[in-house]
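Trainee: One structure is given below, represented as structure tokens, and several questions about it will come after.
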Amino acid sequence: MSSDVRFTDFKSDKQPTWCPGCGDFGTMNGMMKALAETGNDPDNTFVVAGIGCSGKIGTYMRSYALHGVHGRALPVGTGVKLARPDVEVMVAGGDGDGYSIGAGHFVHAVRRNVDMTYVVMDNRIYGLTKGQASPTSRSDFETSTTPEGPKQPPVNPHALALASGASFIAQSFSSDALRHQEIIQEAIEHDGFGFVNVYSPCVTFNDVDTYDYFRDSLVDLEETDHDRHDYDDAKEVILDADKEYQGVIYQDENSVPYAEQHGIGADMSDIPDGAPEDATDLVREFY
Amino acid sequence: MVADFNWAIGGEAGDGIDSTGKIFAQALSRSGRHVFTSKDFASRIRGGYTAYKVRTSVDRVQSVVDRLDVLIALTPRTIEENLPELHEDSVIIYDGERTTMQNAEIPEEMIGLDVPLKRLAEEAGGAIMRNVVALGAACEVTDFPIENLDSALEKRFKDKGQKLVENNQEAARAGQSYVAEEFDHEFDYELETTDNDYVLLNGDEAIGMGAIAAGCRFYSGYPITPATDVMEYLTGRIERYGGHVVQAEDELSAINMALGAARGGARSMTATSGPGIDLMTETFGLVATSETPLVICNVMRSGPSTGMPTKQEQGDLNGMLYGGHGEIPRFVLAPTTIDECFWKTVEAFNLAEKYQTPVYLTADLSLAVTEQTYEPDAFDMDAVEVDRGFLVDEETIGDHQTDAEQFKPHEITDDGISPRAFPGTSGGAHMSTGLEHDELGRRTEEQDMRVEQVDKRNRKVETAEEREDWNPREFGDPEADALVVSWGSNEGALIEALEILEADGIDVRVISVPYIFPRPDLTEDVQAAEETIVVECNATGQFADLVEHDVLERVERINKYTGVRFKADELARDIKETLEA
Ligand SMILES: Cc1ncc(C[n+]2csc(CCOP(=O)(O)OP(=O)(O)O)c2C)c(N)n1
Ligand code: SF4
């Protein structure tokens, strides 16, 4: 780790193929800045990405990275982090990736509380497959597969996280660059699973959940008397269907990350050239 | 055929059959006798017939036979189920006071010993020990020194306190003296002991032990019969070496976690059975294209779908060879014995890291859940070698970077193997992906690069095929006209079948193949034989198809897919019939 790391060191030389104006640009920039600001460098950082426009993020960043299969980024991140506690792990993906195909993993990653950061680029639509409803789409949102809207309530990811025992729940907006970066930074610094849902508008397929919409409706929790350590406060914010918030919604002051709970902390990449010295004891157990 | 003795305890699931059987098996192995166990179990926790069988001899035993000498029957059904294997001198120990046993019919020609198991157990301290009373009775019938049972009970219960150990030992003695005093009968059995020290373990345990010996540090899995023992073995042990086991939420998660840990640089493994393999298949392709070393253990059971989860089958071979979309280079190893479960696991890790590719390690249910005795030096830990393959560090990474100092994790090389850098290695930051990619790991759809990367990955298999020691195991008469080929757990039964056939004047050569892909070339062996028979536990002859494909010749097939493993005497009969047909 070096202190002179700049956020541009996290940029790969691949030009993003995201549509001009896509919210993912801002989301990524904030992530890179937050990583640099928290003292990380590309060689000690591992970014795991899902599948979707959002999942391409690993390609445009420079770090150790894996771009996996749809919905399974969280387990991959879990494996990396448990094997390598010394490595900073960041997992990123879309709302479809995280709350639809990967919803089961989301619940379990939250309750495991592995010390990593999970960034969901929530555009309330399937971008890469060209505009179908996503689990966070509004119930009346018309798409190619839901001509009259999904007619089901959207998933409330924060509620899901809170119910699953989350230790850190936050919300940011990709175009509010400074706040977005600050919030990601807090998630990285949190001891445990730092979950940030990022409003990251799709300018091509979603004409409802636009920059203007979020800009007009966002309430910053920093400017309210919200107490992030208060569970009931968090519940109230999360269940308030009429407002969009940004900021840290909930943080468990007593969060104990998975590795600590399970007493693991070894660098698992380091193994001897042969069987461990006391391996014959393993045989002896079968006498 | 070895002079052996066959014993069983049977009852309803929930009767403690498994642990009682295991205690007796352990007592025998501690007395220096060889043991081979098998289980009949139904897929339910309470109710349903279940039995634990032990075959024992002072010589090595490695299969089951159609014979039962002493049976502890806790239910009438136990007697019915085992009738075909019982014979004139069989002894049946039962508790006539047990309500369900009151109308049990003991076949007239056999020796029925009505022992009040429950009552004697209660007198010794608790009804729960009634199976141990039965074990004591069995010791008397077989003239087996009860001190060996004492020592097995000690091992089993010492964690729960000396009092419990003593109560159990007392219960065993109550059973022993009841038989001695109440039955005026000379039994024909005498289980002699030896000075040998054996270890008794099953295939799943051997796989877990192999994983630890090989330096596996991360295991993630989701419970499924018959693979769960691997996870249970590693839990609580892998931690001693700085490793960790995660019980994942499903198999999709399990394989992805294992993949993540492997990318972090840990030796990593997951184990499951058929349905779990299906769920893992999408990620299997990712493991291969991202060139991640990973050991995926498939403990086969009877399919398709949830099939017969507690029954034997070797039905997933095609799935492991061909499963997944697109074309995926892979290795498939299939140990044939319990000690080989250990060694092939060690080898699986080395192959995975050397070739940076997924390795299927497969055992069938019979191999996985049945126990067998081994000389402890069958697991010579000094012989374990760890080959981590083509790793680069800070100093050597420069040789594998572009002019712009970018690391090439998918460098095109002659042998198909690229350099590997663990996270934290400076100058090594790179991305891996399931998308087709260039040498840097970046997505491409450029035609030439696609072809180069596909060829590169496939070249690993070509490189591996040049290895000289993909040898099969050989038994019997190397000059025999009849050749029998098999894979997986059939080996033990085949070796014993050889002896039976030999006594009948039939010479057979047996080749048992632990490497499914790549695999040894059997062309010359098959051509030299007058007749080749492939033996396997599936209906369609998946391995036989491979042999035919390789050698361009028809082979005979013996297939068993009843859910029960081959028995030595049955196999001898089948081979004889096939040869005579
Ligand atoms: C198993 C599987 N099913 C379906 C797909 C196709 N697919 C690719 S991206 C995607 C949806 C992505 O939506 P979201 O996660 O919201 O990301 P966005 O593109 O909007 O950023 C789907 C369904 C796939 N790649 N894999
Ligand atoms: S389709 Fe939508 S989400 Fe995808 S790159 Fe374009 S704007 Fe972004």
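Naming works like this for the structure tokens: A, B, ... for the chains as they're shown, residue 1 at the start of each chain, ligands 1 onward in shown order.
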Go through chain B residue by residue and, counting only C-alpha atoms and all ligand atoms, keep those with an atom at most 12 Å from ligand 1; for each kept residue give the shortest atom pair and its distance in Å to one decimal, ordered by chain and increasing number, as JSON lines.
Mentor:
```
{"residue": "B:Leu252", "atom": "CA", "partner": "ligand 1", "partner_atom_place_in_ligand_line": "1 (C)", "distance": 11.2}
{"residue": "B:Leu279", "atom": "CA", "partner": "ligand 1", "partner_atom_place_in_ligand_line": "1 (C)", "distance": 11.0}
{"residue": "B:Met280", "atom": "CA", "partner": "ligand 1", "partner_atom_place_in_ligand_line": "1 (C)", "distance": 11.7}
{"residue": "B:Thr281", "atom": "CA", "partner": "ligand 1", "partner_atom_place_in_ligand_line": "1 (C)", "distance": 10.9}
{"residue": "B:Glu282", "atom": "CA", "partner": "ligand 1", "partner_atom_place_in_ligand_line": "1 (C)", "distance": 7.7}
{"residue": "B:Thr283", "atom": "CA", "partner": "ligand 1", "partner_atom_place_in_ligand_line": "1 (C)", "distance": 9.9}
{"residue": "B:Leu286", "atom": "CA", "partner": "ligand 1", "partner_atom_place_in_ligand_line": "26 (N)", "distance": 11.8}
{"residue": "B:His325", "atom": "CA", "partner": "ligand 1", "partner_atom_place_in_ligand_line": "1 (C)", "distance": 11.6}
{"residue": "B:Gly434", "atom": "CA", "partner": "ligand 1", "partner_atom_place_in_ligand_line": "25 (N)", "distance": 10.4}
{"residue": "B:Leu435", "atom": "CA", "partner": "ligand 1", "partner_atom_place_in_ligand_line": "25 (N)", "distance": 10.3}
```
Trainee: Counting only C-alpha atoms and all ligand atoms, what are the residues, protein, DNA or RNA alike, that approach ligand 2 to within 10 Å? I want them as a ChimeraX atom specification.
Mentor: /A:16-25,52-56,94,121-131,200-206
Trainee: With C-alpha atoms kept, could you save the residues just selected as a PDB file, in the first residue's frame?
Mentor:
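Final output, result.pdb:
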```
ATOM      1  CA  PRO A  16     -16.207   2.314 -21.050  1.00  0.00           C
ATOM      2  CA  THR A  17     -18.870   1.311 -23.542  1.00  0.00           C
ATOM      3  CA  TRP A  18     -21.648   2.622 -21.305  1.00  0.00           C
ATOM      4  CA  CYS A  19     -24.114   4.971 -23.001  1.00  0.00           C
ATOM      5  CA  PRO A  20     -23.095   8.605 -22.708  1.00  0.00           C
ATOM      6  CA  GLY A  21     -24.737   9.922 -19.566  1.00  0.00           C
ATOM      7  CA  CYS A  22     -25.155   6.531 -17.877  1.00  0.00           C
ATOM      8  CA  GLY A  23     -25.169   6.784 -14.099  1.00  0.00           C
ATOM      9  CA  ASP A  24     -22.563   4.061 -13.852  1.00  0.00           C
ATOM     10  CA  PHE A  25     -19.785   6.515 -14.765  1.00  0.00           C
ATOM     11  CA  GLY A  52     -25.128  -6.418 -16.611  1.00  0.00           C
ATOM     12  CA  CYS A  53     -24.084  -2.965 -17.759  1.00  0.00           C
ATOM     13  CA  SER A  54     -23.175  -2.403 -14.132  1.00  0.00           C
ATOM     14  CA  GLY A  55     -21.057  -5.536 -14.044  1.00  0.00           C
ATOM     15  CA  LYS A  56     -18.739  -4.141 -16.679  1.00  0.00           C
ATOM     16  CA  GLY A  94     -26.942  -4.245 -10.843  1.00  0.00           C
ATOM     17  CA  MET A 121     -25.987   0.196  -9.235  1.00  0.00           C
ATOM     18  CA  ASP A 122     -29.733   0.503  -9.089  1.00  0.00           C
ATOM     19  CA  ASN A 123     -31.285   1.807 -12.300  1.00  0.00           C
ATOM     20  CA  ARG A 124     -34.609   0.074 -11.788  1.00  0.00           C
ATOM     21  CA  ILE A 125     -34.333  -1.652 -15.144  1.00  0.00           C
ATOM     22  CA  TYR A 126     -32.412  -4.391 -16.925  1.00  0.00           C
ATOM     23  CA  GLY A 127     -29.948  -2.399 -18.986  1.00  0.00           C
ATOM     24  CA  LEU A 128     -27.755  -4.924 -20.715  1.00  0.00           C
ATOM     25  CA  THR A 129     -30.659  -7.037 -21.960  1.00  0.00           C
ATOM     26  CA  LYS A 130     -32.252  -3.871 -23.275  1.00  0.00           C
ATOM     27  CA  GLY A 131     -34.978  -2.730 -21.027  1.00  0.00           C
ATOM     28  CA  SER A 200     -27.435   5.068 -11.003  1.00  0.00           C
ATOM     29  CA  PRO A 201     -29.839   6.166 -13.752  1.00  0.00           C
ATOM     30  CA  CYS A 202     -30.166   4.367 -17.076  1.00  0.00           C
ATOM     31  CA  VAL A 203     -30.610   7.122 -19.624  1.00  0.00           C
ATOM     32  CA  THR A 204     -31.520   4.733 -22.406  1.00  0.00           C
ATOM     33  CA  PHE A 205     -34.285   2.533 -21.024  1.00  0.00           C
ATOM     34  CA  ASN A 206     -35.669   4.258 -17.955  1.00  0.00           C
TER      35      ASN A 206
END
```
Trainee: Between A:Glu186, A:Asp95, A:Asp225, A:Asp9, which has the minimum distance to chain B (counting only C-alpha atoms)?
Mentor: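 Of all the options, A:Asp9 lies closest to chain B.
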Trainee: Using only C-alpha atoms, which of A:Arg228, A:Arg62, A:Lys151, A:Lys33 sits nearest chain B?
Mentor: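 Using only C-alpha atoms, the shortest distance to chain B belongs to A:Arg62.
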Trainee: Provide as a list in words the residues of chain B at most 6 Å from chain A, counting only C-alpha atoms.
Mentor: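 Contact residues on the first chain: Val199, Leu200, Ala213, Ala214, Gly215, Arg217, Gly242, Ser253, Asn256, Met257, Ala258, Gly260, Ala261, Gly264, Gly265, Ala266, Met381, Val384, Glu385, Val386, Gly424, Ser426, Ala429, His430, Met431, Ser432, Thr433 and Gly434 of chain B.
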Trainee: As number ranges by chain, please: the residues near His87 of chain B (cut-off 8 Å, only C-alpha atoms, same-chain neighbours under 5 positions excluded).
Mentor: B: 67-69, 110
Trainee: For Met32 of chain A, please output as a list in words all residues within 7 Å (counting only C-alpha atoms; exclusion window: fewer than 3 positions along the same chain).
Mentor: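 With the cut-off at 7 Å, the set is Phe7, Phe10, Met28, Asn29, Leu35 and Ala36 of chain A.
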Trainee: I need the residues in segment 69-182 of chain A that are strand (DSSP E or B) according to DSSP; give them as a PyMOL selection string.
Mentor: chain A and resi 88-94+117-122+126+132+168-173
Trainee: For the selection you just gave me, I'd like the residues written to a file as a CSV table (one decimal), in the first residue's frame, keeping N, CA and C atoms.
Mentor:
```csv
chain,number,residue,atom,x,y,z
A,88,GLU,N,-8.4,-5.7,0.0
A,88,GLU,CA,-9.7,-4.9,0.1
A,88,GLU,C,-10.6,-5.5,-1.0
A,89,VAL,N,-11.8,-5.9,-0.5
A,89,VAL,CA,-12.7,-6.5,-1.5
A,89,VAL,C,-14.0,-5.7,-1.7
A,90,MET,N,-14.2,-5.4,-3.0
A,90,MET,CA,-15.4,-4.6,-3.3
A,90,MET,C,-16.2,-5.4,-4.4
A,91,VAL,N,-17.5,-5.5,-4.1
A,91,VAL,CA,-18.4,-6.3,-5.0
A,91,VAL,C,-19.4,-5.3,-5.6
A,92,ALA,N,-19.6,-5.4,-6.9
A,92,ALA,CA,-20.5,-4.5,-7.6
A,92,ALA,C,-21.4,-5.2,-8.6
A,93,GLY,N,-22.6,-4.7,-8.8
A,93,GLY,CA,-23.5,-5.3,-9.7
A,93,GLY,C,-24.8,-4.5,-9.8
A,94,GLY,N,-25.7,-5.0,-10.6
A,94,GLY,CA,-26.9,-4.2,-10.8
A,94,GLY,C,-28.0,-4.7,-9.9
A,117,THR,N,-17.3,-4.5,0.8
A,117,THR,CA,-18.2,-3.5,0.4
A,117,THR,C,-19.1,-4.0,-0.8
A,118,TYR,N,-20.3,-3.8,-0.7
A,118,TYR,CA,-21.2,-4.2,-1.8
A,118,TYR,C,-21.9,-3.0,-2.4
A,119,VAL,N,-21.7,-2.7,-3.7
A,119,VAL,CA,-22.3,-1.5,-4.3
A,119,VAL,C,-23.2,-2.0,-5.4
A,120,VAL,N,-24.5,-1.7,-5.2
A,120,VAL,CA,-25.5,-2.1,-6.2
A,120,VAL,C,-25.9,-0.8,-7.1
A,121,MET,N,-25.6,-0.9,-8.4
A,121,MET,CA,-26.0,0.2,-9.2
A,121,MET,C,-27.4,0.0,-9.7
A,122,ASP,N,-28.3,0.7,-8.9
A,122,ASP,CA,-29.7,0.5,-9.1
A,122,ASP,C,-30.3,1.5,-10.1
A,126,TYR,N,-33.5,-3.6,-16.4
A,126,TYR,CA,-32.4,-4.4,-16.9
A,126,TYR,C,-31.8,-3.6,-18.1
A,132,GLN,N,-35.9,-4.6,-19.8
A,132,GLN,CA,-37.0,-5.4,-19.2
A,132,GLN,C,-37.1,-4.9,-17.7
A,168,PHE,N,-24.6,-2.5,8.1
A,168,PHE,CA,-24.3,-1.2,7.4
A,168,PHE,C,-25.2,-1.1,6.2
A,169,ILE,N,-26.1,-0.1,6.2
A,169,ILE,CA,-27.0,0.1,5.1
A,169,ILE,C,-27.0,1.5,4.6
A,170,ALA,N,-26.7,1.8,3.4
A,170,ALA,CA,-26.6,3.1,2.9
A,170,ALA,C,-27.2,3.3,1.5
A,171,GLN,N,-27.4,4.5,1.1
A,171,GLN,CA,-28.1,4.8,-0.1
A,171,GLN,C,-27.3,6.0,-0.7
A,172,SER,N,-26.9,6.0,-2.0
A,172,SER,CA,-26.3,7.2,-2.5
A,172,SER,C,-26.9,7.4,-4.0
A,173,PHE,N,-26.5,8.5,-4.5
A,173,PHE,CA,-26.9,8.9,-5.9
A,173,PHE,C,-25.7,9.2,-6.7
```
Trainee: Go through B:Gly210, B:Gly326, B:Gly96, B:Pro518 one by one, measure the shortest atom-to-atom distance of each to Thr463 of chain B using only C-alpha atoms, and give the residue with the smallest value.
Mentor: B:Pro518
Trainee: Could you name the residues that touch His437 of chain B at 9 Å or less, counting only C-alpha atoms, but leaving out those on the same chain fewer than 2 positions away, as a ChimeraX atom specification?
Mentor: /B:289,410,432-435,439-446,449-450,453
Trainee: Quote the spacing between atom CA of Pro84 of chain B and atom CA of Asp4 of chain B in Å to one decimal place.
Mentor: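 These two atoms are separated by 17.9 Å.
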Trainee: If you run DSSP on this backbone, which residues of segment 218-321 of chain B come out as alpha helix (DSSP H), and could you give them as a ChimeraX atom specification?
Mentor: /B:228-234,251-264,274-289,317-321
Trainee: Quick one, how far is atom CA of Gln152 of chain A from atom CA of Leu239 of chain A?
Mentor: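 One can read the atom CA of Gln152 of chain A to atom CA of Leu239 of chain A distance as 16.6 Å.
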Trainee: Identify, on the basis of only C-alpha atoms, every residue whose closest approach to Glu466 of chain B does not exceed 12 Å; exclude the query and any residue fewer than 4 positions from it along the same chain; express the result as JSON, numbers by chain.
Mentor: {"B": [415, 459, 460, 461, 462, 470, 518, 519, 520, 521]}
Trainee: For the selection you just gave me, I'd like the residues written to a file as a compact mmCIF listing (two decimals), in the first residue's frame, keeping N, CA, C and O atoms.
Mentor:
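That gives us selection02.txt:
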```
# COMPACT_ATOMS: atom_id res chain seq x y z
N ASP B 415 2.62 -24.59 -23.79
CA ASP B 415 1.95 -25.68 -23.07
C ASP B 415 0.55 -25.30 -22.59
O ASP B 415 -0.13 -26.09 -21.96
N ARG B 459 -4.86 -26.74 -25.05
CA ARG B 459 -3.49 -27.27 -25.05
C ARG B 459 -3.09 -27.81 -23.68
O ARG B 459 -2.23 -28.67 -23.58
N LYS B 460 -3.73 -27.31 -22.63
CA LYS B 460 -3.40 -27.82 -21.30
C LYS B 460 -3.64 -29.32 -21.26
O LYS B 460 -2.88 -30.07 -20.66
N VAL B 461 -4.75 -29.73 -21.87
CA VAL B 461 -5.09 -31.15 -21.84
C VAL B 461 -4.07 -31.92 -22.66
O VAL B 461 -3.58 -32.99 -22.24
N GLU B 462 -3.67 -31.37 -23.81
CA GLU B 462 -2.65 -32.04 -24.62
C GLU B 462 -1.35 -32.16 -23.84
O GLU B 462 -0.71 -33.20 -23.84
N TRP B 470 -0.37 -41.67 -16.29
CA TRP B 470 -1.83 -41.78 -16.18
C TRP B 470 -2.17 -43.26 -16.11
O TRP B 470 -3.07 -43.75 -16.79
N PRO B 518 -7.75 -36.71 -18.54
CA PRO B 518 -7.37 -37.63 -19.60
C PRO B 518 -7.29 -39.06 -19.03
O PRO B 518 -7.20 -39.22 -17.82
N ARG B 519 -7.29 -40.03 -19.91
CA ARG B 519 -7.26 -41.40 -19.42
C ARG B 519 -6.21 -42.21 -20.19
O ARG B 519 -5.81 -41.83 -21.29
N PRO B 520 -5.80 -43.33 -19.59
CA PRO B 520 -4.79 -44.15 -20.25
C PRO B 520 -5.34 -44.77 -21.52
O PRO B 520 -6.54 -45.02 -21.63
N ASP B 521 -4.46 -45.01 -22.46
CA ASP B 521 -4.85 -45.63 -23.72
C ASP B 521 -4.90 -47.15 -23.55
O ASP B 521 -3.89 -47.78 -23.27
```
Trainee: Report the distance between atom CA of Pro107 of chain B and atom CA of Arg119 of chain B in Å, rounded to one decimal place.
Mentor: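 Value for the atom CA of Pro107 of chain B-atom CA of Arg119 of chain B distance: 24.5 Å.
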Trainee: Residues near Ala539 of chain B, anyone? I mean within 10 Å using only C-alpha atoms, not counting same-chain ones fewer than 5 positions away, as a list of chain:residue names.
Mentor: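 Non-adjacent residues within range: B:Glu313, B:Gln314, B:Gly315, B:Arg557, B:Ile558, B:Asn559, B:Lys560, B:Tyr561, B:Thr562.
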Trainee: Which residue, A:Ile183, A:Val196, A:Ala241, A:Val248, has the smallest gap to Arg138 of chain A when you use only C-alpha atoms?
Mentor: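 Of A:Ile183, A:Val196, A:Ala241, A:Val248, the one nearest Arg138 of chain A is A:Ala241, counting only C-alpha atoms.
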Trainee: Can you work out which one of B:Tyr189, B:Tyr515, B:Tyr322, B:Phe24 has the shortest atom-to-atom distance to Arg156 of chain B, counting only C-alpha atoms?
Mentor: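 Closest to Arg156 of chain B, using only C-alpha atoms: B:Phe24.
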Trainee: So which one's closest to Gln62 of chain B, B:Phe36, B:Phe41, B:Phe390, B:Phe187? Using only C-alpha atoms, please.
Mentor: B:Phe36
